[in-house]
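Shown next, in structure tokens, is the structure this report addresses.
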Amino acid sequence: MALRTPVLMLMLFSAAVFLLPLTVLIGEGPPPLGVLPTSQPTQSLSSAEPWPYPSSSAPPAAPSQKPAGVPDPPVTSLTLPADTHFRYYDLTDQRVKSISVRDYVRGALAAEMPASFHMEALKAQAVSAHTYALYCAEAAHHNPDAQIGGADFSADPKNRRGFITESEAKNLFGTRYDYYWGRICEAADTALDYVLLYEGQPILAAYHASSVGMTEAAENVWPNPLPYLVPVESVGDPLSPGYKTEVRMTEEAVRRALEQAFPGIRLDGPPEGWMVPTTFSSSGYILEAQVGDQLVSGSALRFALDLRSSAILIDFADGNFTFTTTGYGHGVGLSQYGADYLARQGESFEDILLHYYPGALLGRMEYAS
């Protein structure tokens with residue numbers, strides 16, 4: 001599916017991104033090449049999981065990105081055919097299938113974010129998922145060699161990767177199906193009227209569960225920078241469940257994991273010297289670490305040890321490693337828990353989106369007959 005708007009520029013590193021599964025873009029999985037983007041992280045939030053906000057210790061809401069007195073930007077729009085569908089490569093049965101934009105956005109939202117989250121957070125998430133699917137479709141149009149059977153992206157709805165169907169939502173929501181599905185439809189159907197744009201094209205609307213309190217820059221996770229994926233404050237993230245987690249592993253288990261992830265690595269000397277972070281991003285994520293005789297990225301170390309993020313503290317004692325991680329996911333773009341927090345402080349979905357994607361415009365969707 002090609003977008004019916006002039007292509008002002010080839011989207012930044014779209015070729016490289018199109019070869020990555022979206023689980024990488026949202027916070028999960030090392031980047032195998034030759035796989036179409038999916039549109040759901042395998043570490044997505046439970047769609048029935050509430051957020052128990054501590055009412056007495058909430059930090060102040062983040063300030064609006066737009067200074068007072070600055071007029072709204074001109075209305076920008078993106079036009080698609082009225083019968084637009086997404087084509088996806090189903091990872092379960094390895095077939096290319098079609099889904100309407102409405103059904104996709106509803107299913108993606110149900111798979112990605114707890115239906116109990118604030119309505120404005122749900123709308124923000126739905127716009128992000130909608131925008132990213134449009135981004136994938138445009139990337140596929142410009143990189144036909146990366147396509148599988150003309151698909152826009154890959155997904156695995158049976159295993160809740162990318163989106164789920166309404167029948168699967170009934171199983172997920174159980175006795176609260178009518179209430180939760182109604183909220184999903186309300187938020188998703190609102191999102192159909194909006195798209196995040198940069199220089200007239202859909203943005204790479206990456207998102208994650210929670211950051212360390214400051215989101216991460218795109219170039220610290222993927223090959224190139226993007227002007228709308230830069231560090232911003234996410235004040236609600238430290239209140240999210242599982243903000244800090246500890247994982248304990250034996251010395252032998254760590255050795256096996258590192259040797260499997262980094263073939264040929266030499267782990268000489270005492271275990272406490274096997275992994276030494278050498279560079280950190282301004283947000284607090286490990287950029288590089290000396291692992292044995294190899295210098296590896298923080299993301300590679302995270303995936304090697306199956307940890308929740310690359311903001312890692314490493315401790316070794318009594319034959320065991322303890323890894324303390326902060327946040328959940330790669331930290332780039334919209335924080336889902338951060339969005340819910342801002343919504344509960346009175347921020348609209350537009351404010352939330354423009355906070356997490358600074359420099360992007362929230363455009364209107366138009367559908368031509």
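Chain identifiers are assigned as A, B, and so on, following the order in which chains appear in the structure tokens; residues are numbered from 1 within each chain, and ligands are numbered from 1 in order of appearance.
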
Report task. Find the spatial neighbours of Phe280 (chain A), counting only C-alpha atoms, within a cut-off of 10 Å - ignore same-chain residues fewer than 3 positions away - and output them as number ranges by chain. Result -> A: 220, 277, 283-289, 298, 310-311

Quick one: write out the picked residues with C-alpha atoms as a PDB file, in the first residue's frame?
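Final output, again-v8.pdb:
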ATOM      1  CA  ASN A 220      21.706   5.044  20.850  1.00  0.00           C
ATOM      2  CA  PRO A 277      30.101  -0.834  31.320  1.00  0.00           C
ATOM      3  CA  SER A 283      19.518   9.214  29.847  1.00  0.00           C
ATOM      4  CA  GLY A 284      21.327   6.533  31.847  1.00  0.00           C
ATOM      5  CA  TYR A 285      21.361   3.493  29.544  1.00  0.00           C
ATOM      6  CA  ILE A 286      24.527   1.489  28.882  1.00  0.00           C
ATOM      7  CA  LEU A 287      25.809   2.313  25.402  1.00  0.00           C
ATOM      8  CA  GLU A 288      28.870   0.049  25.425  1.00  0.00           C
ATOM      9  CA  ALA A 289      30.357  -2.514  27.788  1.00  0.00           C
ATOM     10  CA  GLY A 298      24.294  -2.152  25.907  1.00  0.00           C
ATOM     11  CA  SER A 310      19.904  -1.763  29.075  1.00  0.00           C
ATOM     12  CA  ALA A 311      19.924   0.436  32.201  1.00  0.00           C
TER      13      ALA A 311
END

Select from region 83-195 of chain A every residue with an atom at most 12 Å from any atom of region 205-210 of chain A, then for each give the shortest pair of atoms and their distance in Å to one decimal, using only C-alpha atoms, rows by chain and rising number, as a Markdown table.
| residue | atom | partner | partner_atom | distance |
| --- | --- | --- | --- | --- |
| A:Glu112 | CA | A:Ala209 | CA | 9.2 |
| A:Met113 | CA | A:Ala209 | CA | 8.8 |
| A:Pro114 | CA | A:Ala209 | CA | 10.9 |
| A:Ala124 | CA | A:Tyr207 | CA | 10.6 |
| A:Gln125 | CA | A:Tyr207 | CA | 8.4 |
| A:Ala126 | CA | A:Ala205 | CA | 10.7 |
| A:Val127 | CA | A:Ala205 | CA | 8.9 |
| A:Ser128 | CA | A:Ala205 | CA | 5.4 |
| A:Ala129 | CA | A:Ala205 | CA | 7.2 |
| A:His130 | CA | A:Ala205 | CA | 8.8 |
| A:Thr131 | CA | A:Ala205 | CA | 6.3 |
| A:Tyr132 | CA | A:Ala205 | CA | 5.2 |
| A:Ala133 | CA | A:Ala205 | CA | 9.0 |
| A:Leu134 | CA | A:Ala205 | CA | 9.8 |
| A:Tyr135 | CA | A:Ala205 | CA | 8.1 |
| A:Cys136 | CA | A:Ala205 | CA | 10.2 |
| A:Val195 | CA | A:Ala205 | CA | 9.9 |

Residues from the last selection, C-alpha atoms, saved as a PDB file, in the first residue's frame:
ATOM      1  CA  GLU A 112      -0.291  -3.199  23.366  1.00  0.00           C
ATOM      2  CA  MET A 113      -1.759  -1.363  26.361  1.00  0.00           C
ATOM      3  CA  PRO A 114      -3.950  -2.255  29.348  1.00  0.00           C
ATOM      4  CA  ALA A 124      -2.060   8.329  22.343  1.00  0.00           C
ATOM      5  CA  GLN A 125      -1.032   4.676  22.076  1.00  0.00           C
ATOM      6  CA  ALA A 126      -3.555   4.084  19.281  1.00  0.00           C
ATOM      7  CA  VAL A 127      -2.235   7.035  17.263  1.00  0.00           C
ATOM      8  CA  SER A 128       1.327   5.740  17.730  1.00  0.00           C
ATOM      9  CA  ALA A 129       0.387   2.234  16.543  1.00  0.00           C
ATOM     10  CA  HIS A 130      -1.587   3.649  13.604  1.00  0.00           C
ATOM     11  CA  THR A 131       1.308   5.924  12.619  1.00  0.00           C
ATOM     12  CA  TYR A 132       3.888   3.169  12.851  1.00  0.00           C
ATOM     13  CA  ALA A 133       1.834   0.859  10.621  1.00  0.00           C
ATOM     14  CA  LEU A 134       1.607   3.674   8.051  1.00  0.00           C
ATOM     15  CA  TYR A 135       5.367   4.174   8.380  1.00  0.00           C
ATOM     16  CA  CYS A 136       5.949   0.476   7.703  1.00  0.00           C
ATOM     17  CA  VAL A 195      -1.311  10.585  12.242  1.00  0.00           C
TER      18      VAL A 195
END

Report task. Write down as JSON, numbers by chain the residues belonging to region 84-279 of chain A that are assigned strand (DSSP E) by DSSP computed on the backbone. Result -> {"A": [85, 86, 87, 88, 89, 90, 95, 96, 97, 98, 99, 100, 153, 154, 155, 194, 195, 196, 197, 198, 201, 202, 207, 208, 244, 245, 246, 247, 248, 249, 250, 275, 276, 277, 278, 279]}

Output the selection as a PDB file, in the first residue's frame - C-alpha atoms for each residue.
ATOM      1  CA  HIS A  85      -6.109  -2.098   4.212  1.00  0.00           C
ATOM      2  CA  PHE A  86      -2.794  -3.223   5.674  1.00  0.00           C
ATOM      3  CA  ARG A  87      -1.182  -6.371   4.325  1.00  0.00           C
ATOM      4  CA  TYR A  88       0.697  -8.367   6.935  1.00  0.00           C
ATOM      5  CA  TYR A  89       2.829 -11.487   6.877  1.00  0.00           C
ATOM      6  CA  ASP A  90       1.373 -13.880   9.455  1.00  0.00           C
ATOM      7  CA  ARG A  95       0.863 -16.353   4.724  1.00  0.00           C
ATOM      8  CA  VAL A  96       0.235 -12.765   3.625  1.00  0.00           C
ATOM      9  CA  LYS A  97      -3.156 -11.542   4.809  1.00  0.00           C
ATOM     10  CA  SER A  98      -5.140  -8.310   4.763  1.00  0.00           C
ATOM     11  CA  ILE A  99      -6.757  -6.378   7.608  1.00  0.00           C
ATOM     12  CA  SER A 100      -8.708  -3.126   7.587  1.00  0.00           C
ATOM     13  CA  PHE A 153       4.767  -5.632   8.072  1.00  0.00           C
ATOM     14  CA  SER A 154       4.735  -8.960   9.875  1.00  0.00           C
ATOM     15  CA  ALA A 155       2.556  -9.930  12.825  1.00  0.00           C
ATOM     16  CA  TYR A 194      -4.877  11.332  13.294  1.00  0.00           C
ATOM     17  CA  VAL A 195      -1.311  10.585  12.242  1.00  0.00           C
ATOM     18  CA  LEU A 196       2.063  11.811  13.502  1.00  0.00           C
ATOM     19  CA  LEU A 197       4.023  13.454  10.693  1.00  0.00           C
ATOM     20  CA  TYR A 198       7.510  14.776  10.094  1.00  0.00           C
ATOM     21  CA  GLN A 201       5.429  11.641   6.193  1.00  0.00           C
ATOM     22  CA  PRO A 202       4.419   9.238   9.012  1.00  0.00           C
ATOM     23  CA  TYR A 207       7.240   3.178  22.034  1.00  0.00           C
ATOM     24  CA  HIS A 208       8.074   1.124  25.114  1.00  0.00           C
ATOM     25  CA  LYS A 244      13.339  -1.560  39.168  1.00  0.00           C
ATOM     26  CA  THR A 245      13.801  -5.305  38.989  1.00  0.00           C
ATOM     27  CA  GLU A 246      16.513  -7.729  40.074  1.00  0.00           C
ATOM     28  CA  VAL A 247      17.558 -10.867  38.242  1.00  0.00           C
ATOM     29  CA  ARG A 248      19.971 -13.354  39.812  1.00  0.00           C
ATOM     30  CA  MET A 249      22.038 -15.747  37.695  1.00  0.00           C
ATOM     31  CA  THR A 250      24.779 -18.183  38.596  1.00  0.00           C
ATOM     32  CA  MET A 275      31.195  -7.260  32.205  1.00  0.00           C
ATOM     33  CA  VAL A 276      32.288  -3.659  32.685  1.00  0.00           C
ATOM     34  CA  PRO A 277      30.101  -0.834  31.320  1.00  0.00           C
ATOM     35  CA  THR A 278      32.318   1.744  29.601  1.00  0.00           C
ATOM     36  CA  THR A 279      29.875   4.305  28.155  1.00  0.00           C
TER      37      THR A 279
END

Report task. Give the answer as one residue: which of A:Arg302, A:Pro271, A:Arg183, A:Val254 has the shortest atom-to-atom distance to Asp318 (chain A), using only C-alpha atoms? Result ->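 Nearest candidate to Asp318 (chain A) out of A:Arg302, A:Pro271, A:Arg183, A:Val254: A:Pro271.
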
Requested in this report: Work out how far apart CA of Gly107 (chain A) and CA of Ile164 (chain A) are and give it in Å to one decimal.
Outcome: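 That distance, rounded to one decimal, is 4.6 Å.
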
Report task. Between CA of His142 (chain A) and CA of Glu199 (chain A), measure the distance and give it in Å to one decimal. Result ->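 Distance reported for this atom pair: 16.4 Å.
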
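Of the listed residues (A:Lys123, A:His330, A:Ala317, A:Leu172), A:Lys123 comes nearest to Ile352 (chain A); the distances count only C-alpha atoms.
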
Query raised in the report: By how many Å are CA of Thr325 (chain A) and CA of Asp237 (chain A) apart?
Result: 13.3 Å

Query raised in the report: Looking at only C-alpha atoms, which of A:Phe262, A:Tyr357, A:Tyr243, A:Phe323 is the one that sits closest to Val296 (chain A)?
Result: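 Among the listed residues, A:Phe262 lies closest to Val296 (chain A).
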
Query raised in the report: Which neighbours of Asp340 (chain A) fall inside 12 Å, counting only C-alpha atoms, when residues of the same chain fewer than 2 positions from it are skipped, and could you give them as an MDAnalysis selection string?
Result: chainID A and resid 50:53 61 113:125 209:210 234:237 239:240 334:338 342:349 352:353

Report task. DSSP on the backbone, then: every residue of region 99-316 of chain A marked helix (DSSP H, G or I), written as number ranges by chain. Result -> A: 101-112, 119-142, 144-146, 157-159, 166-191, 218-220, 237-239, 251-261, 271-273, 298-305

Using C-alpha atoms, can you export the residues from the last selection as a tab-separated table (two decimals), in the first residue's frame?
chain	number	residue	atom	x	y	z
A	101	VAL	CA	-7.04	-0.13	9.18
A	102	ARG	CA	-9.83	0.09	11.77
A	103	ASP	CA	-9.55	-3.56	12.80
A	104	TYR	CA	-5.77	-3.32	12.91
A	105	VAL	CA	-5.70	-0.23	15.15
A	106	ARG	CA	-8.30	-1.71	17.50
A	107	GLY	CA	-6.42	-5.01	17.68
A	108	ALA	CA	-3.02	-3.34	18.09
A	109	LEU	CA	-4.28	-1.20	20.96
A	110	ALA	CA	-5.85	-4.21	22.69
A	111	ALA	CA	-2.56	-6.09	22.40
A	112	GLU	CA	-0.29	-3.20	23.37
A	119	MET	CA	-8.61	7.12	27.86
A	120	GLU	CA	-6.20	9.85	26.74
A	121	ALA	CA	-3.27	7.43	27.13
A	122	LEU	CA	-5.16	4.82	25.11
A	123	LYS	CA	-5.75	7.36	22.36
A	124	ALA	CA	-2.06	8.33	22.34
A	125	GLN	CA	-1.03	4.68	22.08
A	126	ALA	CA	-3.56	4.08	19.28
A	127	VAL	CA	-2.23	7.03	17.26
A	128	SER	CA	1.33	5.74	17.73
A	129	ALA	CA	0.39	2.23	16.54
A	130	HIS	CA	-1.59	3.65	13.60
A	131	THR	CA	1.31	5.92	12.62
A	132	TYR	CA	3.89	3.17	12.85
A	133	ALA	CA	1.83	0.86	10.62
A	134	LEU	CA	1.61	3.67	8.05
A	135	TYR	CA	5.37	4.17	8.38
A	136	CYS	CA	5.95	0.48	7.70
A	137	ALA	CA	3.65	0.59	4.68
A	138	GLU	CA	5.56	3.55	3.25
A	139	ALA	CA	8.91	1.89	4.01
A	140	ALA	CA	7.72	-1.26	2.21
A	141	HIS	CA	6.71	0.84	-0.80
A	142	HIS	CA	10.19	2.35	-1.00
A	144	PRO	CA	10.25	-3.62	-2.36
A	145	ASP	CA	13.21	-6.00	-2.08
A	146	ALA	CA	12.58	-6.26	1.67
A	157	PRO	CA	-1.99	-12.22	16.17
A	158	LYS	CA	-2.46	-15.73	17.57
A	159	ASN	CA	0.44	-15.08	19.93
A	166	GLU	CA	-11.90	-9.28	18.46
A	167	SER	CA	-12.51	-12.95	19.26
A	168	GLU	CA	-9.09	-13.15	20.90
A	169	ALA	CA	-9.94	-9.97	22.83
A	170	LYS	CA	-13.00	-11.75	24.24
A	171	ASN	CA	-10.74	-14.45	25.65
A	172	LEU	CA	-8.29	-11.87	26.97
A	173	PHE	CA	-10.82	-9.63	28.69
A	174	GLY	CA	-13.13	-12.38	29.94
A	175	THR	CA	-16.11	-11.14	31.93
A	176	ARG	CA	-15.05	-7.51	31.43
A	177	TYR	CA	-15.02	-7.83	27.65
A	178	ASP	CA	-17.92	-5.45	26.94
A	179	TYR	CA	-16.42	-2.68	29.08
A	180	TYR	CA	-12.80	-3.07	27.95
A	181	TRP	CA	-13.58	-3.60	24.27
A	182	GLY	CA	-15.81	-0.52	24.32
A	183	ARG	CA	-12.90	1.55	25.64
A	184	ILE	CA	-10.52	0.06	23.06
A	185	CYS	CA	-12.92	0.89	20.22
A	186	GLU	CA	-13.49	4.44	21.46
A	187	ALA	CA	-9.76	5.19	21.61
A	188	ALA	CA	-8.84	3.37	18.40
A	189	ASP	CA	-11.63	4.92	16.36
A	190	THR	CA	-10.48	8.37	17.49
A	191	ALA	CA	-6.94	7.52	16.37
A	218	ALA	CA	17.12	6.81	18.59
A	219	GLU	CA	20.80	6.75	17.57
A	220	ASN	CA	21.71	5.04	20.85
A	237	ASP	CA	7.85	6.19	34.97
A	238	PRO	CA	9.43	5.80	38.43
A	239	LEU	CA	5.90	5.12	39.76
A	251	GLU	CA	28.27	-17.66	37.29
A	252	GLU	CA	27.90	-20.67	34.99
A	253	ALA	CA	24.54	-19.49	33.62
A	254	VAL	CA	26.03	-16.09	32.77
A	255	ARG	CA	29.02	-17.69	31.10
A	256	ARG	CA	26.74	-19.85	28.92
A	257	ALA	CA	24.58	-16.87	27.99
A	258	LEU	CA	27.51	-14.68	27.04
A	259	GLU	CA	29.27	-17.40	25.06
A	260	GLN	CA	26.08	-18.12	23.14
A	261	ALA	CA	25.42	-14.45	22.40
A	271	PRO	CA	33.78	-13.17	37.12
A	272	GLU	CA	33.30	-9.69	38.58
A	273	GLY	CA	35.44	-8.40	35.70
A	298	GLY	CA	24.29	-2.15	25.91
A	299	SER	CA	21.36	-3.49	23.89
A	300	ALA	CA	23.34	-6.59	22.92
A	301	LEU	CA	24.25	-7.21	26.56
A	302	ARG	CA	20.63	-6.77	27.60
A	303	PHE	CA	19.38	-9.33	25.08
A	304	ALA	CA	22.20	-11.75	25.86
A	305	LEU	CA	21.07	-11.85	29.49
